[in-house]
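This is upload_5.txt. It holds compact mmCIF, C-alpha atoms and all ligand atoms.
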# COMPACT_ATOMS: atom_id res chain seq x y z
CA ILE L 10 -11.92 1.33 -14.28
CA SER L 11 -15.35 2.57 -13.36
CA ILE L 12 -16.18 1.52 -9.83
CA ASP L 13 -19.61 2.08 -8.45
CA GLN L 14 -21.41 0.57 -5.55
CA THR L 15 -24.55 -0.65 -7.33
CA GLY L 16 -26.57 -1.85 -4.38
CA SER L 17 -24.36 -4.27 -2.45
CA PHE L 18 -22.25 -5.38 -5.40
CA LEU L 19 -19.11 -3.70 -6.68
CA GLN L 20 -19.25 -3.00 -10.41
CA LEU L 21 -15.88 -3.04 -12.21
CA ASN L 22 -16.30 -2.02 -15.85
CA GLN L 23 -18.68 -4.66 -17.26
CA TYR L 24 -18.15 -7.01 -14.27
CA ARG L 25 -20.48 -7.15 -11.29
CA LEU L 26 -18.64 -8.73 -8.36
CA MET L 27 -20.64 -11.37 -6.51
CA GLU L 28 -19.80 -13.66 -3.60
CA GLN L 29 -16.32 -14.81 -2.63
CA ILE L 30 -15.54 -18.27 -4.05
CA GLY L 31 -11.89 -18.71 -3.14
CA GLN L 32 -9.12 -17.33 -0.97
CA GLY L 33 -5.52 -17.98 -0.11
CA SER L 34 -2.19 -16.36 0.69
CA TYR L 35 -2.52 -14.57 -2.65
CA GLY L 36 -5.73 -12.75 -1.77
CA LEU L 37 -9.23 -13.77 -2.76
CA VAL L 38 -11.37 -14.85 -5.71
CA LYS L 39 -14.88 -13.59 -6.31
CA LEU L 40 -17.57 -14.73 -8.72
CA ALA L 41 -18.08 -11.98 -11.31
CA TYR L 42 -20.89 -11.54 -13.79
CA SER L 43 -20.32 -9.76 -17.08
CA GLU L 44 -23.43 -8.08 -18.46
CA GLU L 45 -21.62 -7.63 -21.77
CA ASP L 46 -21.65 -11.36 -22.56
CA SER L 47 -24.00 -12.62 -19.84
CA THR L 48 -21.22 -14.86 -18.56
CA HIS L 49 -19.78 -15.58 -15.12
CA TYR L 50 -16.04 -15.30 -14.46
CA ALA L 51 -13.64 -15.87 -11.56
CA MET L 52 -12.13 -12.56 -10.48
CA LYS L 53 -8.88 -12.91 -8.54
CA ILE L 54 -8.30 -9.79 -6.45
CA LEU L 55 -4.79 -8.90 -5.30
CA SER L 56 -3.70 -6.03 -3.11
CA LYS L 57 -0.48 -4.44 -4.32
CA LYS L 58 0.30 -3.15 -0.82
CA ARG L 59 -0.20 -6.63 0.66
CA LEU L 60 2.02 -8.16 -2.01
CA LEU L 61 4.78 -5.69 -1.20
CA ARG L 62 4.39 -6.42 2.53
CA GLN L 63 4.44 -10.20 1.98
CA ALA L 64 7.65 -9.89 0.03
CA GLY L 65 9.25 -8.24 3.03
CA LEU L 66 8.34 -11.27 5.13
CA MET L 67 9.28 -13.96 2.63
CA ARG L 68 12.48 -12.29 1.45
CA ARG L 69 15.43 -14.40 2.61
CA GLY L 70 19.09 -14.09 1.80
CA PRO L 71 20.45 -12.63 -1.41
CA ARG L 72 17.49 -12.66 -3.78
CA LYS L 73 17.18 -11.05 -7.13
CA ALA L 74 15.50 -7.71 -6.69
CA THR L 75 12.18 -8.75 -8.14
CA SER L 76 9.56 -6.76 -6.37
CA PRO L 77 6.54 -8.97 -5.69
CA LEU L 78 4.62 -6.83 -8.10
CA ASP L 79 7.09 -7.84 -10.81
CA ARG L 80 6.21 -11.44 -9.96
CA VAL L 81 2.52 -10.74 -10.48
CA TYR L 82 3.17 -8.91 -13.72
CA ARG L 83 5.37 -11.84 -14.73
CA GLU L 84 2.58 -14.29 -13.86
CA ILE L 85 0.25 -12.20 -16.01
CA ALA L 86 2.66 -12.15 -18.94
CA VAL L 87 3.10 -15.93 -18.59
CA LEU L 88 -0.64 -16.60 -18.32
CA LYS L 89 -1.42 -14.47 -21.37
CA LYS L 90 0.69 -16.68 -23.62
CA LEU L 91 -0.69 -19.98 -22.26
CA ASP L 92 -3.46 -21.84 -24.05
CA HIS L 93 -4.22 -25.42 -22.97
CA PRO L 94 -7.44 -27.20 -21.98
CA ASN L 95 -5.91 -28.21 -18.64
CA VAL L 96 -4.62 -24.76 -17.59
CA VAL L 97 -6.87 -21.94 -16.37
CA LYS L 98 -7.49 -19.21 -18.94
CA LEU L 99 -6.74 -15.59 -18.07
CA VAL L 100 -9.29 -13.38 -19.83
CA GLU L 101 -8.07 -9.91 -18.88
CA VAL L 102 -6.44 -7.84 -16.15
CA LEU L 103 -7.94 -4.67 -14.65
CA ASP L 104 -5.10 -2.66 -13.22
CA ASP L 105 -5.58 0.97 -12.36
CA PRO L 106 -2.18 2.41 -11.39
CA LEU L 107 -3.92 4.68 -8.91
CA GLU L 108 -5.74 1.76 -7.28
CA ASP L 109 -4.30 -0.63 -4.71
CA SER L 110 -6.29 -3.60 -6.04
CA LEU L 111 -5.30 -5.60 -9.11
CA TYR L 112 -8.05 -7.68 -10.73
CA MET L 113 -7.33 -10.82 -12.79
CA VAL L 114 -10.34 -12.11 -14.72
CA PHE L 115 -10.32 -15.87 -15.39
CA GLU L 116 -12.75 -18.14 -17.18
CA LEU L 117 -14.93 -19.65 -14.46
CA VAL L 118 -14.16 -23.30 -13.66
CA LYS L 119 -17.59 -24.09 -12.24
CA GLN L 120 -16.98 -26.82 -9.65
CA GLY L 121 -13.95 -25.21 -8.02
CA GLU L 122 -11.26 -27.16 -6.19
CA VAL L 123 -11.25 -30.90 -7.00
CA LEU L 124 -11.04 -31.84 -3.30
CA ARG L 125 -10.60 -30.04 0.01
CA ILE L 126 -8.22 -31.92 2.29
CA PRO L 127 -8.16 -33.28 4.92
CA THR L 128 -11.35 -35.17 4.19
CA ASP L 129 -12.98 -38.45 5.24
CA ASN L 130 -14.51 -38.73 1.77
CA PRO L 131 -11.58 -38.84 -0.65
CA LEU L 132 -11.94 -39.68 -4.33
CA SER L 133 -12.24 -43.18 -5.77
CA GLU L 134 -9.17 -44.51 -7.59
CA LYS L 135 -11.08 -44.11 -10.87
CA ARG L 136 -11.90 -40.44 -10.28
CA ALA L 137 -8.38 -39.71 -9.03
CA TRP L 138 -7.04 -41.48 -12.15
CA SER L 139 -9.00 -39.20 -14.50
CA ILE L 140 -8.04 -36.04 -12.58
CA PHE L 141 -4.39 -37.13 -12.40
CA ARG L 142 -4.17 -37.80 -16.15
CA GLU L 143 -5.48 -34.36 -17.07
CA SER L 144 -3.30 -32.65 -14.45
CA LEU L 145 -0.31 -34.48 -15.94
CA LEU L 146 -1.16 -33.14 -19.42
CA GLY L 147 -1.47 -29.62 -18.00
CA LEU L 148 1.86 -29.95 -16.18
CA GLU L 149 3.54 -31.39 -19.29
CA TYR L 150 2.32 -28.33 -21.21
CA LEU L 151 3.63 -25.90 -18.56
CA HIS L 152 7.03 -27.61 -18.52
CA HIS L 153 7.09 -27.55 -22.31
CA GLN L 154 6.49 -23.79 -22.08
CA LYS L 155 9.48 -23.71 -19.71
CA ILE L 156 7.31 -22.93 -16.70
CA ILE L 157 7.65 -24.58 -13.28
CA HIS L 158 4.33 -24.38 -11.41
CA ALA L 159 5.98 -24.70 -7.96
CA ASP L 160 2.71 -24.98 -6.03
CA ILE L 161 0.86 -28.06 -7.32
CA LYS L 162 -1.74 -29.19 -4.76
CA PRO L 163 -5.43 -30.20 -4.75
CA GLY L 164 -6.45 -26.58 -4.04
CA ASN L 165 -4.89 -25.51 -7.33
CA LEU L 166 -6.66 -28.16 -9.41
CA LEU L 167 -10.06 -26.87 -10.48
CA LEU L 168 -12.90 -29.00 -11.84
CA THR L 169 -15.12 -27.90 -14.75
CA GLU L 170 -18.85 -28.66 -14.85
CA PHE L 171 -18.01 -31.60 -17.14
CA GLY L 172 -15.43 -33.01 -14.71
CA HIS L 173 -12.33 -31.81 -16.57
CA VAL L 174 -9.34 -30.40 -14.70
CA LYS L 175 -7.59 -27.04 -15.02
CA ILE L 176 -4.37 -26.21 -13.20
CA ALA L 177 -4.54 -22.81 -11.47
CA ASP L 178 -2.31 -20.36 -9.60
CA LEU L 179 0.92 -19.64 -11.38
CA GLY L 180 1.50 -17.01 -8.71
CA VAL L 181 4.73 -18.61 -7.51
CA CYS L 182 5.76 -20.17 -10.78
CA ASN L 183 9.28 -20.00 -12.09
CA GLU L 184 10.02 -19.40 -15.71
CA PHE L 185 13.23 -21.03 -16.79
CA LEU L 186 15.42 -20.53 -19.79
CA GLY L 187 17.75 -23.07 -21.38
CA GLU L 188 17.30 -26.78 -20.94
CA ASP L 189 16.28 -27.29 -17.39
CA ALA L 190 14.84 -25.38 -14.52
CA THR L 191 17.38 -25.19 -11.77
CA ILE L 192 15.51 -23.09 -9.28
CA SER L 193 18.06 -20.95 -7.58
CA ASN L 194 16.02 -18.27 -5.86
CA GLY L 195 15.61 -20.60 -2.88
CA SER L 196 12.11 -19.26 -2.82
CA THR L 197 10.07 -20.43 0.10
CA ALA L 198 7.43 -21.05 -2.53
CA GLY L 199 5.06 -23.90 -2.45
CA THR L 200 2.87 -25.27 0.28
CA PRO L 201 4.96 -27.04 2.98
CA ALA L 202 3.24 -30.48 2.83
CA PHE L 203 3.75 -30.65 -0.96
CA ARG L 204 7.40 -29.58 -1.07
CA ALA L 205 10.03 -31.98 -2.39
CA PRO L 206 12.93 -33.01 -0.10
CA GLU L 207 15.57 -31.40 -2.32
CA THR L 208 13.90 -28.02 -1.85
CA LEU L 209 14.34 -28.30 1.91
CA ILE L 210 18.10 -28.52 2.12
CA PRO L 211 19.32 -25.19 3.53
CA GLY L 212 22.07 -23.61 1.47
CA GLN L 213 21.69 -26.08 -1.39
CA ASN L 214 19.30 -24.03 -3.41
CA GLN L 215 19.99 -25.48 -6.84
CA TYR L 216 17.31 -28.00 -7.63
CA CYS L 217 15.37 -29.18 -10.69
CA GLY L 218 12.02 -27.46 -10.76
CA ARG L 219 10.39 -30.10 -12.95
CA ALA L 220 11.23 -32.92 -10.54
CA ALA L 221 9.87 -30.84 -7.66
CA ASP L 222 6.60 -30.39 -9.59
CA VAL L 223 6.41 -34.19 -10.07
CA TRP L 224 6.88 -34.71 -6.30
CA ALA L 225 4.06 -32.22 -5.58
CA LEU L 226 1.81 -33.96 -8.11
CA GLY L 227 2.61 -37.26 -6.37
CA ALA L 228 1.73 -35.83 -2.96
CA THR L 229 -1.44 -34.43 -4.57
CA LEU L 230 -2.41 -37.85 -6.02
CA TYR L 231 -1.81 -39.42 -2.58
CA SER L 232 -4.07 -36.84 -0.93
CA LEU L 233 -6.87 -37.25 -3.52
CA ILE L 234 -6.98 -41.00 -2.77
CA PHE L 235 -6.27 -41.11 0.98
CA GLY L 236 -7.83 -37.79 1.98
CA ASN L 237 -4.66 -36.33 3.45
CA VAL L 238 -1.06 -35.50 2.61
CA PRO L 239 1.62 -38.27 2.69
CA PHE L 240 3.63 -36.64 5.51
CA LEU L 241 2.02 -34.99 8.53
CA ALA L 242 3.59 -33.30 11.55
CA ASP L 243 2.72 -30.78 14.26
CA SER L 244 5.26 -28.24 13.07
CA VAL L 245 6.79 -27.24 9.76
CA PRO L 246 10.35 -28.18 10.80
CA LEU L 247 9.11 -31.66 11.89
CA LEU L 248 7.16 -31.95 8.64
CA TYR L 249 10.30 -31.15 6.66
CA GLU L 250 12.25 -33.81 8.58
CA LYS L 251 9.58 -36.40 7.70
CA ILE L 252 9.56 -35.37 4.04
CA LYS L 253 13.34 -35.82 3.96
CA GLN L 254 13.53 -39.02 6.06
CA ASP L 255 10.30 -41.01 6.19
CA SER L 256 9.18 -43.50 3.56
CA VAL L 257 5.62 -43.26 2.24
CA LYS L 258 3.05 -45.23 4.20
CA PHE L 259 -0.31 -46.33 2.81
CA PRO L 260 -3.26 -46.67 5.21
CA GLU L 261 -3.92 -50.41 5.78
CA ASN L 262 -7.70 -50.15 5.64
CA HIS L 263 -7.65 -48.37 2.27
CA LYS L 264 -7.92 -50.78 -0.69
CA VAL L 265 -5.98 -49.50 -3.73
CA THR L 266 -4.23 -51.25 -6.62
CA GLU L 267 -0.54 -52.15 -6.53
CA ASN L 268 -0.03 -50.15 -9.74
CA LEU L 269 -1.28 -46.98 -8.01
CA LYS L 270 0.98 -47.50 -4.99
CA SER L 271 3.94 -48.11 -7.28
CA CYS L 272 3.18 -44.91 -9.24
CA ILE L 273 2.96 -42.83 -6.04
CA ILE L 274 6.20 -44.37 -4.70
CA GLN L 275 8.03 -43.48 -7.94
CA MET L 276 6.76 -39.87 -7.74
CA LEU L 277 7.70 -39.56 -4.05
CA GLU L 278 11.24 -40.82 -4.65
CA LYS L 279 13.48 -38.78 -2.32
CA ASN L 280 16.32 -38.61 -4.84
CA ALA L 281 15.21 -36.15 -7.53
CA THR L 282 17.49 -37.71 -10.15
CA HIS L 283 15.90 -41.14 -9.60
CA ARG L 284 12.34 -39.75 -9.47
CA ILE L 285 9.97 -40.63 -12.33
CA THR L 286 9.65 -37.86 -14.92
CA VAL L 287 6.56 -36.46 -16.67
CA PRO L 288 7.34 -38.32 -19.95
CA GLN L 289 7.85 -41.59 -18.00
CA LEU L 290 4.57 -41.03 -16.13
CA LYS L 291 2.75 -40.88 -19.46
CA THR L 292 3.66 -44.54 -20.08
CA ASN L 293 3.28 -45.66 -16.44
CA LYS L 294 1.21 -48.83 -15.93
CA TRP L 295 -1.32 -47.16 -13.61
CA VAL L 296 -1.62 -43.99 -15.72
CA THR L 297 -2.23 -46.02 -18.90
CA SER L 298 -4.37 -48.68 -17.21
C1 LIG L 301 -17.63 -23.64 -5.94
O1 LIG L 301 -17.38 -22.95 -7.11
C2 LIG L 301 -16.13 -22.44 -7.31
C3 LIG L 301 -15.79 -22.13 -8.62
C4 LIG L 301 -14.52 -21.60 -8.91
C5 LIG L 301 -13.62 -21.37 -7.88
C6 LIG L 301 -12.29 -20.78 -8.24
O2 LIG L 301 -12.08 -20.44 -9.40
C7 LIG L 301 -11.23 -20.64 -7.24
C8 LIG L 301 -9.97 -20.15 -7.53
N1 LIG L 301 -9.66 -19.71 -8.83
C9 LIG L 301 -8.41 -19.32 -9.26
C10 LIG L 301 -7.31 -19.14 -8.39
C11 LIG L 301 -6.06 -18.75 -8.92
O3 LIG L 301 -4.96 -18.56 -8.13
C12 LIG L 301 -5.09 -18.81 -6.75
C13 LIG L 301 -5.91 -18.56 -10.30
C14 LIG L 301 -4.60 -18.18 -10.90
O4 LIG L 301 -3.94 -17.22 -10.45
O5 LIG L 301 -4.22 -18.87 -11.86
C15 LIG L 301 -6.98 -18.72 -11.15
C16 LIG L 301 -8.24 -19.10 -10.64
CL1 LIG L 301 -9.58 -19.34 -11.71
C17 LIG L 301 -13.96 -21.66 -6.57
C18 LIG L 301 -15.22 -22.20 -6.27

Please re-express this file's structure in structure tokens.
Amino acid sequence: ISIDQTGSFLQLNQYRLMEQIGQGSYGLVKLAYSEEDSTHYAMKILSKKRLLRQAGLMRRGPRKATSPLDRVYREIAVLKKLDHPNVVKLVEVLDDPLEDSLYMVFELVKQGEVLRIPTDNPLSEKRAWSIFRESLLGLEYLHHQKIIHADIKPGNLLLTEFGHVKIADLGVCNEFLGEDATISNGSTAGTPAFRAPETLIPGQNQYCGRAADVWALGATLYSLIFGNVPFLADSVPLLYEKIKQDSVKFPENHKVTENLKSCIIQMLEKNATHRITVPQLKTNKWVTS
């Protein structure tokens, strides 16, 4: 990789790095311009050292010895074989073994995150409906490829300039073999407010990854419509108690259809075996309305 400080921008091979457009526990995302094809890209920048450090923190109990770098290389291998209109497209990876940074070049999804929450200006039911339907197709595709996303949330749904949705961030995904995805690494993956109750039972770390993705998509749909997550608390332990115990409440002053409420309730069903599945969602009254 040729790195040179051209003026104030870093030049990586044909990519000129521009301003930061995203950031998270994973690292950060910068806008990148390729002179080769006069096209902008989203460049996700990871620090290998930071990944190794994070693993130290997150590592709990007997876990398979996957170094966090293996997870990134696994995400890359997974992303390279994916091709669906509702999943972000990995273009290439710049990885210099002598460098600490790892660069993942993605097709730019121009409008970024569909909605930042909490917000007082959530989406209309119509807009949420369109975003939900495309997210569902993307999730159906991932599950069909035997991939559990494991971190579905509004921040990982990106909007194209034409208003289409692409699911991003397979950084904590789980690939499963065989029929179903019983997640057994008890990973503390996923964003607390979007985690399914069955993933919060200490010790019981065998749960169905697909059902947990449906729960997270349900919590995401709730937050797109109401502007905040379905369960809120001042601490993570309290939040987890609410996720396990409390029933979903809909704000009184917020007019939504009965079909939408019913769809959300079926996705936020505490019992994973009773929870609506992706195939059932595809024929749900609200989804097909
Ligand atoms: C306002 O304009 C904006 C246009 C694009 C963005 C943007 O792209 C942000 C994040 N992007 C991504 C993040 C990912 O993980 C965390 C992955 C992945 O690992 O799959 C892929 C992408 Cl693309 C932001 C603002």

One-decimal distance in Å that lies between atom CA of L:Thr128 and atom CA of L:Arg219: 28.1 Å

Environment of ligand LIG 301 (chain L) within 7 Å, counting only C-alpha atoms and all ligand atoms, reported as a ChimeraX atom specification: /L:30-31,33,35,38,51,53,97,115-122,165,167,177-180

Just the selected residues (C-alpha atoms), exported as a PDB file, keeping the file's coordinate frame, please.
ATOM      1  CA  ILE L  30     -15.540 -18.270  -4.050  1.00  0.00           C
ATOM      2  CA  GLY L  31     -11.890 -18.710  -3.140  1.00  0.00           C
ATOM      3  CA  GLY L  33      -5.520 -17.980  -0.110  1.00  0.00           C
ATOM      4  CA  TYR L  35      -2.520 -14.570  -2.650  1.00  0.00           C
ATOM      5  CA  VAL L  38     -11.370 -14.850  -5.710  1.00  0.00           C
ATOM      6  CA  ALA L  51     -13.640 -15.870 -11.560  1.00  0.00           C
ATOM      7  CA  LYS L  53      -8.880 -12.910  -8.540  1.00  0.00           C
ATOM      8  CA  VAL L  97      -6.870 -21.940 -16.370  1.00  0.00           C
ATOM      9  CA  PHE L 115     -10.320 -15.870 -15.390  1.00  0.00           C
ATOM     10  CA  GLU L 116     -12.750 -18.140 -17.180  1.00  0.00           C
ATOM     11  CA  LEU L 117     -14.930 -19.650 -14.460  1.00  0.00           C
ATOM     12  CA  VAL L 118     -14.160 -23.300 -13.660  1.00  0.00           C
ATOM     13  CA  LYS L 119     -17.590 -24.090 -12.240  1.00  0.00           C
ATOM     14  CA  GLN L 120     -16.980 -26.820  -9.650  1.00  0.00           C
ATOM     15  CA  GLY L 121     -13.950 -25.210  -8.020  1.00  0.00           C
ATOM     16  CA  GLU L 122     -11.260 -27.160  -6.190  1.00  0.00           C
ATOM     17  CA  ASN L 165      -4.890 -25.510  -7.330  1.00  0.00           C
ATOM     18  CA  LEU L 167     -10.060 -26.870 -10.480  1.00  0.00           C
ATOM     19  CA  ALA L 177      -4.540 -22.810 -11.470  1.00  0.00           C
ATOM     20  CA  ASP L 178      -2.310 -20.360  -9.600  1.00  0.00           C
ATOM     21  CA  LEU L 179       0.920 -19.640 -11.380  1.00  0.00           C
ATOM     22  CA  GLY L 180       1.500 -17.010  -8.710  1.00  0.00           C
TER      23      GLY L 180
END

Nearest to L:Ser139, chosen from L:Leu233, L:Leu55, L:Ile156, L:Val238, with only C-alpha atoms counted in the distances: L:Leu233

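The coordinates place atom CA of L:Ala225 at 13.2 Å from atom CA of L:Cys272.
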
Answer as a ChimeraX atom specification, residues within 10 Å of (-5.9, -49.2, -1.5) using all atoms listed in the file: /L:133-134,234-235,259-267,269-270

Shortest interatomic distance to L:Gln23 - which of L:Glu170, L:Glu143, L:Asp222, L:Glu45, counting all atoms listed in the file: L:Glu45

Contacts of L:Ser17 within 12 Å, all atoms listed in the file, excl. fewer than 6 positions in-chain, as a VMD selection string: chain L and resid 25 to 28

Within-9 Å shell of (5.6, -36.2, -4.4) in input frame, only C-alpha atoms, as a PyMOL selection string: chain L and resi 203-205+220-231+239+273-279

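Of the listed residues L:Lys58, L:Lys162, L:Lys253, L:Lys258, the one whose atoms come nearest to L:Leu209 is L:Lys253, with distances taken using only C-alpha atoms.
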